[in-house]
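Enquirer: Handing you this structure, nothing more for now.
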Number of protein chains: 2
Amino acid sequence: MTAVIGVFDSGFGGLTVLRELRRALPGANYHYFGDTAHLPYGAKSVRTVAKYAISAAHFLEQQGIEMLVVACNTATALAFDDIRAAVKVPVVGVVEPGAQRAAAISRTKKAVVAATEATVASHAYQRALERLGVEATEKACPLFVPLVEEGWVEHRVTEEVAHIYMDEVFQDGARDADVLVLGCTHYPLLRPLLRKVVPPRVEIVDSAESTAARVVELLGKDRGLGQPGDLRCYATDSVEKFRRLGGKFLGCPIENIELVDIEK
Amino acid sequence: MTAVIGVFDSGFGGLTVLRELRRALPGANYHYFGDTAHLPYGAKSVRTVAKYAISAAHFLEQQGIEMLVVACNTATALAFDDIRAAVKVPVVGVVEPGAQRAAAISRTKKAVVAATEATVASHAYQRALERLGVEATEKACPLFVPLVEEGWVEHRVTEEVAHIYMDEVFQDGARDADVLVLGCTHYPLLRPLLRKVVPPRVEIVDSAESTAARVVELLGKDRGLGQPGDLRCYATDSVEKFRRLGGKFLGCPIENIELVDIEK
C-alpha cells in the first residue's frame, strides 16, 4: 500500500527535505505543513518552538499520516522528544540522519555543523555526533536564511558572508574537520556556493538527503513506487507567498495549498 | 501628572523609538511590549499582524497606559486602523510622523522610503506622503534587519548590501529624491553607514525621532519632566535574549523584563 507521510517545517525550508523524499519515494502521498505565521523558529525559545511544533504534528496526524518527518532542524533540535511523546505515529527528525551520514564518511572524526542560532545553542548535533565518536564544531550562520530568501544563492555578498562564517570555523577550531553538515533545511540551496568556499578536503552532508534515506530504510522502497502521489500543503500564513517562495525550495510549482489556523 | 505610555513592537526595533521618547519625555513611565514569539512581522500577512498587534494593545491597556505608540512600521502600515478601533486610548503610529517630517524638509517633493517587504507591499508610506504632496519611491531592504541583529552595523558586507539597495533606488526611479525615510525601527542603527552610502544631497529622516516629537506635541513636554520614570518590558519569548539584544537598541541595559503569553 502507498505510504502517507507528513512533513513539517516552520516555513519553506523543509521543502528541500520533501524534494528528496519525493525523489526517493515518488509514489507516496505527502501532507506538508509550513508554520509560516510563526517563522522563523531559529531565534525562538524551546518552550515556544515545542508548542507550535506539537500543534502542527496533531494537525498532520488528523490528516491520516503514518509517519511524521520533522523537516526542521530547529524543531528537531529543540523539541524532538516532546513531538514524539505527543503523537502516535513514528517520528523522524533531521538531526540524527545527518549526524549518522557525517560519522560514516568522516575519516578524521571531526565535523563542522552550520546551523541557525537556536539549533547551535541546543547542541543537538554535537551530542548526536559525539555519540557516534565524532567531534563537532557548531557554527551559527544567522544570515544564510535571509540571504536564501532574498534569492541571493549565487550572489557575491552571500559568498563573502559564507567566507566569513566558514573561514572563522575552519581556520580556528576545526582545522582537521573533513565534513560540513548543513544543519538547516535552507542551506542545500547554498550548496554550490559553499562547495567553492570550504576547503577541498571537506565533504558536504545535506541532512535533507540523509533524512529521506532514513525514511526509505524505515518504510521500504516499495511503499512509494510508481506514478507521483498526491501532495497537499498547509500554511499558517499567506498562501500566495507560500506558492511563490515554496516552488524554489521544492524545485517545481506547488498547487494544493490550504490556509490553516492552529492557534485555537 | 506623569504620563504613562505604552510602546509596542514585534521585537527589539521599537526600542529605538522608546529611546527617543525617553530622551524627549524622560520622566514619563513606560510599558514596552515586544512580541518576540512572533517576530518578524515584516514577512507576514495583514490578517496575522493585526491579530497579534491587537492582543498586544489589549495587554498594554490593562497596564493602565494613557497613550499607545505602535513603534513598529509593519504593524502601523498593515493594522493601524484595526488597532485604533480595538483600544480606548489614543494611538500614535510611526508612519504618519515620519511622512510629515519628510514632507516638511523635502524641496524636490520626492522621497525614498526604505522598509521591510510587508511595509512596502502595504504602500502606507506612499499614501501618507502623497497626501502631503510628496512622490515616494519605496524600497524593500529585507537583509537590513538580520544584518543589524547579527551586530554588523558598521560591517563591509552591510555597506555592500546598502550600496546595492540604495544604488538601485537612487540611480533608477528616484534621481531627484532629497529625503530617505528610515521606515523600519531597526534602521536607525544603520544611519551612520547609510549616511556614507546615499548621495550627499539626501537628508535622512528617522521615524523614531519624528514619532517621539509627535507624542510630545500631543501630551505636552511637562508630562515627562524630571527624574527618569519607570520602564517595564514584556516579551512573548526568551527574556534572556531580550535583555541581551534589547540593550543595543535602547542604548542602555534593560532590567525589568517579564515573559507574557498573549495567545489565550
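In the C-alpha cells, the first chain shown is A, the next is B, and so on; residue numbers restart at 1 for each chain, and ligands run from 1 in the order shown.
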Could you pull out the strand (DSSP E) residues of range 23-261 of chain B, going by DSSP on the backbone, and write them as a PyMOL selection string?

Expert: chain B and resi 29-34+67-70+91-93+110-115+135-140+179-182+203-206+231-235+257-259

Enquirer: Put those residues in a file: C-alpha atoms, as an mmCIF file, in the first residue's frame.

Expert:
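Output file selection.cif is given in full below:
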data_model
loop_
_atom_site.group_PDB
_atom_site.id
_atom_site.type_symbol
_atom_site.label_atom_id
_atom_site.label_comp_id
_atom_site.auth_asym_id
_atom_site.auth_seq_id
_atom_site.Cartn_x
_atom_site.Cartn_y
_atom_site.Cartn_z
ATOM 1 C CA ASN B 29 6.542 55.906 32.835
ATOM 2 C CA TYR B 30 6.796 53.381 30.023
ATOM 3 C CA HIS B 31 5.426 49.901 29.339
ATOM 4 C CA TYR B 32 7.216 48.286 26.379
ATOM 5 C CA PHE B 33 5.769 45.187 24.735
ATOM 6 C CA GLY B 34 7.997 43.149 22.370
ATOM 7 C CA MET B 67 -1.407 56.534 25.054
ATOM 8 C CA LEU B 68 -0.257 53.721 22.779
ATOM 9 C CA VAL B 69 2.707 54.111 20.446
ATOM 10 C CA VAL B 70 2.807 51.482 17.700
ATOM 11 C CA VAL B 91 -2.828 55.652 19.285
ATOM 12 C CA VAL B 92 0.264 57.058 17.544
ATOM 13 C CA GLY B 93 1.914 55.130 14.727
ATOM 14 C CA LYS B 110 10.448 63.402 -3.859
ATOM 15 C CA ALA B 111 11.365 60.894 -1.163
ATOM 16 C CA VAL B 112 12.717 57.353 -0.893
ATOM 17 C CA VAL B 113 11.340 55.077 1.819
ATOM 18 C CA ALA B 114 13.466 52.098 2.936
ATOM 19 C CA ALA B 115 11.412 49.441 4.759
ATOM 20 C CA GLU B 135 6.143 61.499 -4.504
ATOM 21 C CA ALA B 136 7.540 58.373 -2.833
ATOM 22 C CA THR B 137 9.680 55.525 -4.149
ATOM 23 C CA GLU B 138 9.543 52.593 -1.736
ATOM 24 C CA LYS B 139 12.425 50.126 -1.467
ATOM 25 C CA ALA B 140 12.241 46.791 0.372
ATOM 26 C CA VAL B 179 14.995 62.590 1.549
ATOM 27 C CA LEU B 180 15.451 58.997 2.702
ATOM 28 C CA VAL B 181 12.859 57.879 5.264
ATOM 29 C CA LEU B 182 14.003 55.015 7.517
ATOM 30 C CA GLU B 203 18.639 64.012 4.214
ATOM 31 C CA ILE B 204 17.852 61.006 6.382
ATOM 32 C CA VAL B 205 14.570 61.023 8.324
ATOM 33 C CA ASP B 206 14.402 58.657 11.263
ATOM 34 C CA LEU B 231 10.329 51.241 32.475
ATOM 35 C CA ARG B 232 8.691 47.823 32.394
ATOM 36 C CA CYS B 233 9.287 45.485 29.469
ATOM 37 C CA TYR B 234 7.214 42.481 28.398
ATOM 38 C CA ALA B 235 8.344 39.850 25.901
ATOM 39 C CA ILE B 257 11.519 42.182 31.727
ATOM 40 C CA GLU B 258 8.561 39.873 32.164
ATOM 41 C CA LEU B 259 7.605 36.880 29.986
#

Enquirer: Using only C-alpha atoms and a distance of at most 10 Å, pull out the residues of chain A that contact chain B, as an MDAnalysis selection string.

Expert: chainID A and resid 36:41 43:49 141:147 149:150 156:158 160:161 164 236:241 263:264

Enquirer: Among range 71-251 of chain B, which ones does DSSP assign to helix (DSSP H, G or I) (computed from the backbone)? Answer as a PyMOL selection string.

Expert: chain B and resi 73-86+95-105+117-122+124-131+144-149+156-171+187-197+207-219+221-224+239-250

Enquirer: Using only C-alpha atoms, which protein or nucleic acid residues come within 8 Å of Leu225 in chain A? Drop anything in the same chain fewer than 2 positions from it, and give the result as a list in words.

Expert: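 The residues satisfying every condition are Thr2, Leu25, Pro26, Gly27, Ala28, Lys221, Asp222, Arg223 and Gln227 of chain A.
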
Enquirer: Quick one: residues within 9 Å of range 208-219 of chain A, only C-alpha atoms, excluding same-chain residues fewer than 4 positions away - as number ranges by chain?

Expert: A: 3, 14, 16-25, 67, 69, 71, 92-101, 182, 184-185, 188, 223-224

Enquirer: With C-alpha atoms retained, write the just-selected residues as a tab-separated table (two decimals), in the first residue's frame.

Expert:
chain	number	residue	atom	x	y	z
A	3	ALA	CA	2.68	5.35	2.16
A	14	GLY	CA	11.51	21.70	4.79
A	16	THR	CA	14.16	20.64	0.41
A	17	VAL	CA	13.54	17.53	2.53
A	18	LEU	CA	10.23	16.88	0.76
A	19	ARG	CA	12.05	17.18	-2.58
A	20	GLU	CA	14.48	14.42	-1.54
A	21	LEU	CA	11.61	12.30	-0.17
A	22	ARG	CA	9.71	12.55	-3.46
A	23	ARG	CA	12.87	11.65	-5.33
A	24	ALA	CA	13.26	8.53	-3.12
A	25	LEU	CA	9.55	7.59	-2.78
A	67	MET	CA	4.91	8.71	9.65
A	69	VAL	CA	9.11	13.83	9.30
A	71	ALA	CA	11.92	18.61	8.40
A	92	VAL	CA	11.88	11.01	12.04
A	93	GLY	CA	13.92	14.16	12.65
A	94	VAL	CA	16.67	15.70	10.53
A	95	VAL	CA	19.47	15.75	13.12
A	96	GLU	CA	20.13	12.03	13.63
A	97	PRO	CA	20.28	11.05	9.92
A	98	GLY	CA	22.64	13.95	9.15
A	99	ALA	CA	24.88	13.03	12.07
A	100	GLN	CA	24.96	9.36	11.02
A	101	ARG	CA	25.95	10.20	7.46
A	182	LEU	CA	24.22	21.51	6.54
A	184	CYS	CA	19.35	23.90	8.30
A	185	THR	CA	16.91	22.99	5.54
A	188	PRO	CA	21.01	22.98	0.50
A	223	ARG	CA	5.81	1.83	-0.34
A	224	GLY	CA	6.44	4.70	-2.74

Enquirer: Would you pick out the contacts of Pro199 in chain A at 10 Å or less, using only C-alpha atoms, so that residues sharing its chain but fewer than 2 positions from it are not included, and give the list as a compact mmCIF listing (two decimals) with N, CA and C atoms, in the first residue's frame?

Expert:
# COMPACT_ATOMS: atom_id res chain seq x y z
N MET A 166 32.68 30.55 7.28
CA MET A 166 33.41 29.28 7.11
C MET A 166 34.89 29.45 7.46
N ASP A 167 35.49 30.61 7.12
CA ASP A 167 36.90 30.83 7.48
C ASP A 167 37.06 30.85 9.00
N PHE A 170 36.71 27.05 10.05
CA PHE A 170 37.71 26.09 9.57
C PHE A 170 39.14 26.53 9.90
N ARG A 175 40.42 22.85 12.18
CA ARG A 175 41.38 22.70 11.09
C ARG A 175 41.35 21.31 10.44
N ALA A 177 38.73 19.14 10.46
CA ALA A 177 37.41 18.62 10.11
C ALA A 177 37.36 18.31 8.62
N ASP A 178 36.73 17.18 8.27
CA ASP A 178 36.64 16.82 6.84
C ASP A 178 35.19 16.68 6.38
N VAL A 179 34.27 17.11 7.23
CA VAL A 179 32.85 17.07 6.86
C VAL A 179 32.18 18.38 7.30
N LEU A 194 28.80 27.03 -1.22
CA LEU A 194 29.61 26.55 -0.10
C LEU A 194 30.73 25.63 -0.60
N ARG A 195 30.44 24.88 -1.65
CA ARG A 195 31.46 23.99 -2.23
C ARG A 195 32.70 24.80 -2.64
N LYS A 196 32.47 26.03 -3.16
CA LYS A 196 33.59 26.88 -3.58
C LYS A 196 34.35 27.46 -2.38
N VAL A 197 33.66 27.58 -1.24
CA VAL A 197 34.19 28.34 -0.11
C VAL A 197 34.94 27.47 0.90
N ARG A 201 39.12 19.36 0.85
CA ARG A 201 39.06 18.05 1.55
C ARG A 201 37.71 17.81 2.23
N VAL A 202 36.92 18.88 2.39
CA VAL A 202 35.69 18.81 3.19
C VAL A 202 34.52 18.31 2.35
N GLU A 203 33.89 17.23 2.81
CA GLU A 203 32.67 16.75 2.14
C GLU A 203 31.45 17.42 2.77
